[in-house]
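To start, the structure itself, in structure tokens.
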2 protein chains.
Amino acid sequence: MGAQQRRSGLGTNQEAVRRHNLGTLLRHVHGTGQMSRAELTSLMGLNRSTIAGLVAELESLGISERATPAGGARQGAGRPSAGVAIAADGPCVIAVDLGVDRAVVARVGLGGRVLQRAQAPVPVGGEAWQVGASVAALIREVVEDAPAASPLVGIGISVPGMVRRSDGLIRLAPNLEWHDVSFGGIVLAALGLDVPVSLANDADLGALAEHTRGVGVGVDDLIYVSGQVGVGAGVIMGGHRLEGAGGYAGEVGHLRFDPGGRPCHCGNRGCWETEVGAHAIAEAIHCPPDKVAQLDEVLDGFDSPSPELCRTGTAIGHGLASIVNMFNPRLVVLGGYFRSLHQLVGPDIQAGLSDRALPAPLESVRLTLPGLGSDSALLGAAEIALEPLFVDPVAALGAALVDVRARLAG
Amino acid sequence: MGAQQRRSGLGTNQEAVRRHNLGTLLRHVHGTGQMSRAELTSLMGLNRSTIAGLVAELESLGISERATPAGGARQGAGRPSAGVAIAADGPCVIAVDLGVDRAVVARVGLGGRVLQRAQAPVPVGGEAWQVGASVAALIREVVEDAPAASPLVGIGISVPGMVRRSDGLIRLAPNLEWHDVSFGGIVLAALGLDVPVSLANDADLGALAEHTRGVGVGVDDLIYVSGQVGVGAGVIMGGHRLEGAGGYAGEVGHLRFDPGGRPCHCGNRGCWETEVGAHAIAEAIHCPPDKVAQLDEVLDGFDSPSPELCRTGTAIGHGLASIVNMFNPRLVVLGGYFRSLHQLVGPDIQAGLSDRALPAPLESVRLTLPGLGSDSALLGAAEIALEPLFVDPVAALGAALVDVRARLAG
DNA sequence: AAGAATTTGTTGTGCGGGTGGACAGAACGA
DNA sequence: TCGTTCTGTCCACCCGCACAACAAATTCTT
């Protein structure tokens, strides 16, 4: 019975049961990287023997391996429970975090372990195929030392823009100046491979990663607000990603903020982004326009907030109030350059929020920094690429690519 | 494998499979009121024999009964499929739509059939126990002719205010002037019964009802924007209700709209509600303040829009643009007095929306009137009360109350 | 009008998968 | 050292769905 997926009105046959249980078990192990069989039985509410059978299948698939029980976790008498750990040569994915000025690529295994990483600057105003080639080069670099036994399940790409859910088309990435780019196809073509590629918005993936292994573990209603150059948000409600009809949910940057405000590139006036976006902040702190993409580093150079920045903090808080009223999250995670801003004007942000949010949603919400630092989007990209494994481990592994290094070399 | 519920990381055993399949089958029949076994097999992807077994169980529970196949639906050769219809004496619920000036109570069966209904005015500024007594009287009226065999599964109550998800406490109902009222308990006490009671916000229930049997059938991402006295929204995303951490999600009335605008009762300035709320509109059309609760009727009396109303329509559209940007719904349903307004200034609303929303979310969204008229919230209340039947029909029926009429009389 | 074709209901059998009990193994505590 | 406690393994068992064969009820074809 299900959990993760949202099937419409399908019935369940027993083969689906097996799939689901195997996937759920793997998801649990993935969440912590290592887990005892005893914990799994109580978490999943299944019989010891059933868990044993599932674990055996996972081992025979080469996904997990038997581990000695964690030494410190002993808590009483009884036979110690054998550990279930992610196999060293287990399946892995390629995660790509496409930023406005640099791309980070990593090979990531189950459990969210970054096995290898590489990065390179992205030329300003680069064509999609150029960026695709550069990303493909990074991918080659990153799979160089991959063990031949480790199958590649897929590629996940984080994009600073709006991505269509149905096919992963990049509809609009304003800061890359891309319209309707099929970046997944471009990367695959540059690699000469055919593996599943998933693309999603960076804020959405930040939310996903923070929910899975960051500050949002166990928090089923959270929002990740990301300041890159524009402002976006990733929303998780009831433990599920909020995607919307086309996949564009979370465009908080164009919330109406001040109808008399400055014109926004979207054509309106006084969007939230015109007050708290990177360009606005850069202007407020007299930062040169060519440094806007590195706004977080510039902000980290400040040791005390200027009055302008305090006003910006308040504006952030006021905008967050609208968001909190709309979504009633338990957690708001401030990513991107909002991380740096929070260090400087955290109290102003909080005060702006407290001042404008309704009492009921306000009482349960908490403002925090990302638990994964600047890797949120990257690890979120890994998560969507790994997702098929949790839906159906056998099928996902069947579709995976073995010995990627050789294939890329040849 | 699951669908409706969102269990955390539980495993599935076969008894859960049976529960789920039985519940899902019932949900399908509930959706249309009548359905052929052949349709059920293809919809649920299960074997003919399995469906036959499930249907037999449903019949033995007294929930469904065999029906002659619908005459017109024949489409080709082959033996006609026997129908599965909701039993006449099947389980039912009490639905309560608590408005700011009147309460509507109905006995509703599966399939959304309103079997009996009654309504009464609610005194302005009435205490919760007074309103509770009046609702209890309506409930007695409505179960008067209920067949003894028909078990009462529960009571669902639609509330014009913020309802805490965990326990159904009414945190704040501004137009009833209630704070922290346990209205469910009050009604049960007045009835001297003990049945499951569910409470939820009226806009949330409007969204639910429109999704189940209104204009939103088959649309998994929709928003029901309701103008009662304040403005609220119910959100369904990915086929699931958006509730938020406390259950307060969808408070769109207090979106920041114009920071230089009029003061709002929430303490801020220029909330959307101060522009498009009932009080603002009443003022714009010079409607006497004591008629605000019947604003829809007043508006229905207009046959052409005044310039003030056109401006209001534009403001509604502008606010909807923020909502559409945030949620990316496929459908926006205009409920409450927005229904009447849409008749008058529909083009202005649409123009305001088109003018301010981002292209990507705009291209897939559609603005409509409710398919259930003013009964959306009432039928939504019935839906949440019926919900346990779809999760576990056997258990829900076991907990249901038989021969309610006799119990209420005694 | 009668037989063929088609689709569905019914029945019995088989299989997959989770359950539960019995037993053995491994640590802890007295 | 021995009892306690908890876990892993193996077994028979039950439950629920799938599948195949047959019967029933229509429509289509000739």
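In the structure tokens, chains take the letters A, B, ... in the order shown, each chain's residues start at 1, and ligands count up from 1 in the order shown.
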*Compute the set of chain A residues within 6 Å of chain B, using only C-alpha atoms, and express it as a list of chain:residue names.*
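Residues passing the distance filter: A:Met1, A:Gly2, A:Ala3, A:Arg6, A:Arg7, A:Leu10, A:Gly11, A:Thr12, A:Asn21, A:Met44, A:Asp221, A:Gly244, A:Ala245, A:Tyr248, A:Ala249, A:Gly250, A:Glu251, A:Val252, A:Leu255, A:Asp258, A:Ser322, A:Asn325, A:Met326, A:Phe327, A:Asn328, A:Pro329, A:Arg330.
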Keeping only C-alpha atoms, write the selected residues to a file as a PDB file, in the first residue's frame.
```
ATOM      1  CA  MET A   1       0.000   0.000   0.000  1.00  0.00           C
ATOM      2  CA  GLY A   2       1.410   2.632  -0.991  1.00  0.00           C
ATOM      3  CA  ALA A   3       3.318   5.464  -0.197  1.00  0.00           C
ATOM      4  CA  ARG A   6       0.656   8.603  -6.667  1.00  0.00           C
ATOM      5  CA  ARG A   7      -1.025   6.185  -8.951  1.00  0.00           C
ATOM      6  CA  LEU A  10      -4.988   1.349  -9.952  1.00  0.00           C
ATOM      7  CA  GLY A  11      -5.415  -1.881  -8.126  1.00  0.00           C
ATOM      8  CA  THR A  12      -2.568  -3.757  -6.577  1.00  0.00           C
ATOM      9  CA  ASN A  21       8.396  -3.330  -0.650  1.00  0.00           C
ATOM     10  CA  MET A  44       8.207  -1.166   7.529  1.00  0.00           C
ATOM     11  CA  ASP A 221       6.020  20.372   4.684  1.00  0.00           C
ATOM     12  CA  GLY A 244       1.933  21.864 -10.615  1.00  0.00           C
ATOM     13  CA  ALA A 245       0.330  21.106 -13.944  1.00  0.00           C
ATOM     14  CA  TYR A 248       6.389  25.275 -12.875  1.00  0.00           C
ATOM     15  CA  ALA A 249       5.054  25.543  -9.333  1.00  0.00           C
ATOM     16  CA  GLY A 250       7.077  27.654  -6.934  1.00  0.00           C
ATOM     17  CA  GLU A 251       7.722  30.739  -9.017  1.00  0.00           C
ATOM     18  CA  VAL A 252       7.731  33.017  -6.018  1.00  0.00           C
ATOM     19  CA  LEU A 255       4.812  37.499  -6.499  1.00  0.00           C
ATOM     20  CA  ASP A 258       4.797  46.553  -4.661  1.00  0.00           C
ATOM     21  CA  SER A 322       3.003  35.744   1.799  1.00  0.00           C
ATOM     22  CA  ASN A 325       0.441  32.243   4.471  1.00  0.00           C
ATOM     23  CA  MET A 326      -0.098  30.431   1.190  1.00  0.00           C
ATOM     24  CA  PHE A 327       1.660  27.172   1.970  1.00  0.00           C
ATOM     25  CA  ASN A 328       1.798  26.869   5.761  1.00  0.00           C
ATOM     26  CA  PRO A 329       5.168  25.089   5.768  1.00  0.00           C
ATOM     27  CA  ARG A 330       6.895  23.822   8.878  1.00  0.00           C
TER      28      ARG A 330
END
```
_Nearby residues (only C-alpha atoms (C1' of nucleotides)) at most 12 Å from DT13 in chain C, same-chain spacing under 5 positions excluded, as a PyMOL selection string_ = chain D and resi 18-21
_Just the number, please: distance in Å from CA of Phe390 in chain A to CA of Ile94 in chain A, one decimal._
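Spanning CA of Phe390 in chain A to CA of Ile94 in chain A is a straight-line distance of 16.6 Å.
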_Just to confirm, what's the straight-line distance from CA of Arg117 in chain A to CA of Val143 in chain A in Å (one decimal)?_
9.3 Å
At a cut-off of 10 Å, can you tabulate as JSON lines every residue of range 36-128 of chain A near range 394-405 of chain A together with its closest atom pair and the distance in Å to one decimal, using only C-alpha atoms and ordering rows by chain then number?
```
{"residue": "A:Glu57", "atom": "CA", "partner": "A:Val394", "partner_atom": "CA", "distance": 9.4}
{"residue": "A:Leu58", "atom": "CA", "partner": "A:Val394", "partner_atom": "CA", "distance": 9.0}
{"residue": "A:Leu61", "atom": "CA", "partner": "A:Val394", "partner_atom": "CA", "distance": 7.7}
{"residue": "A:Gly62", "atom": "CA", "partner": "A:Leu397", "partner_atom": "CA", "distance": 9.7}
{"residue": "A:Ile63", "atom": "CA", "partner": "A:Leu397", "partner_atom": "CA", "distance": 9.2}
{"residue": "A:Pro91", "atom": "CA", "partner": "A:Leu397", "partner_atom": "CA", "distance": 7.7}
{"residue": "A:Cys92", "atom": "CA", "partner": "A:Ala400", "partner_atom": "CA", "distance": 9.4}
{"residue": "A:Val93", "atom": "CA", "partner": "A:Ala400", "partner_atom": "CA", "distance": 9.6}
```
*Using only C-alpha atoms (C1' of nucleotides), find the residues of chain C whose closest atom to chain A is at most 9 Å away, then write them as a list in words.*
DG16, DG17, DG18, DT19, DG20, DG25, DA26, DA27, DC28 and DG29 of chain C
Please, could you write that set of residues out with N, CA and C atoms (P, O5', C5', C4', C3', O3' and C1' of nucleotides) as a short mmCIF file (atom, residue, chain, number, x, y, z; two decimals), in the first residue's frame?
```cif
data_model
loop_
_atom_site.label_atom_id
_atom_site.label_comp_id
_atom_site.auth_asym_id
_atom_site.auth_seq_id
_atom_site.Cartn_x
_atom_site.Cartn_y
_atom_site.Cartn_z
P DG C 16 5.75 -18.54 -8.92
"O5'" DG C 16 5.79 -17.09 -8.28
"C5'" DG C 16 4.93 -16.09 -8.80
"C4'" DG C 16 4.49 -15.17 -7.69
"C3'" DG C 16 5.62 -14.82 -6.71
"O3'" DG C 16 5.59 -13.43 -6.49
"C1'" DG C 16 3.74 -15.68 -5.53
P DG C 17 6.88 -12.74 -5.82
"O5'" DG C 17 6.29 -12.38 -4.39
"C5'" DG C 17 5.00 -11.80 -4.29
"C4'" DG C 17 4.57 -11.78 -2.86
"C3'" DG C 17 5.73 -11.62 -1.87
"O3'" DG C 17 5.33 -10.78 -0.82
"C1'" DG C 17 4.49 -13.53 -1.34
P DG C 18 6.37 -9.96 0.03
"O5'" DG C 18 5.67 -9.99 1.46
"C5'" DG C 18 4.37 -9.45 1.58
"C4'" DG C 18 3.64 -10.12 2.71
"C3'" DG C 18 4.38 -10.08 4.06
"O3'" DG C 18 3.48 -9.72 5.09
"C1'" DG C 18 3.88 -12.32 3.48
P DT C 19 3.94 -9.80 6.59
"O5'" DT C 19 3.45 -11.25 7.05
"C5'" DT C 19 2.09 -11.60 6.87
"C4'" DT C 19 1.71 -12.73 7.80
"C3'" DT C 19 2.27 -12.65 9.21
"O3'" DT C 19 1.27 -13.01 10.13
"C1'" DT C 19 2.97 -14.68 8.20
P DG C 20 1.46 -12.66 11.67
"O5'" DG C 20 1.85 -14.09 12.27
"C5'" DG C 20 1.12 -15.23 11.87
"C4'" DG C 20 1.80 -16.48 12.36
"C3'" DG C 20 2.54 -16.30 13.69
"O3'" DG C 20 2.27 -17.43 14.52
"C1'" DG C 20 4.01 -17.17 12.06
P DG C 25 23.60 -23.31 15.99
"O5'" DG C 25 23.90 -21.74 16.00
"C5'" DG C 25 23.72 -20.99 14.81
"C4'" DG C 25 23.83 -19.51 15.12
"C3'" DG C 25 25.02 -19.13 16.00
"O3'" DG C 25 25.61 -17.95 15.47
"C1'" DG C 25 23.03 -18.32 16.97
P DA C 26 27.13 -17.63 15.90
"O5'" DA C 26 26.95 -16.27 16.69
"C5'" DA C 26 26.26 -15.20 16.07
"C4'" DA C 26 25.90 -14.16 17.11
"C3'" DA C 26 27.03 -13.84 18.10
"O3'" DA C 26 27.16 -12.44 18.21
"C1'" DA C 26 25.04 -14.34 19.25
P DA C 27 28.56 -11.82 18.51
"O5'" DA C 27 28.38 -11.31 20.02
"C5'" DA C 27 28.15 -9.96 20.25
"C4'" DA C 27 26.97 -9.79 21.21
"C3'" DA C 27 27.37 -9.40 22.63
"O3'" DA C 27 27.15 -8.02 22.80
"C1'" DA C 27 25.58 -11.00 22.56
P DC C 28 27.90 -7.24 23.92
"O5'" DC C 28 26.87 -7.38 25.15
"C5'" DC C 28 25.57 -6.85 25.01
"C4'" DC C 28 24.73 -7.27 26.20
"C3'" DC C 28 25.36 -6.95 27.57
"O3'" DC C 28 24.44 -6.19 28.33
"C1'" DC C 28 24.61 -9.21 27.47
P DG C 29 24.95 -5.45 29.62
"O5'" DG C 29 24.37 -6.37 30.79
"C5'" DG C 29 22.98 -6.68 30.80
"C4'" DG C 29 22.67 -7.68 31.89
"C3'" DG C 29 23.37 -7.40 33.23
"O3'" DG C 29 22.46 -7.66 34.29
"C1'" DG C 29 23.93 -9.57 32.47
#
```
*Could you write out as a ChimeraX atom specification the residues of chain D within 9 Å of chain A, counting only C-alpha atoms (C1' of nucleotides)?*
/D:4-9,16-18
*Between CA of Ser36 in chain B and C1' of DA25 in chain D, what is the spacing in Å?*
15.2 Å
*Residues flagged strand (DSSP E) by DSSP in range 227-394 of chain A, as a ChimeraX atom specification*: /A:227,231-237,240-241,331-336,366-368
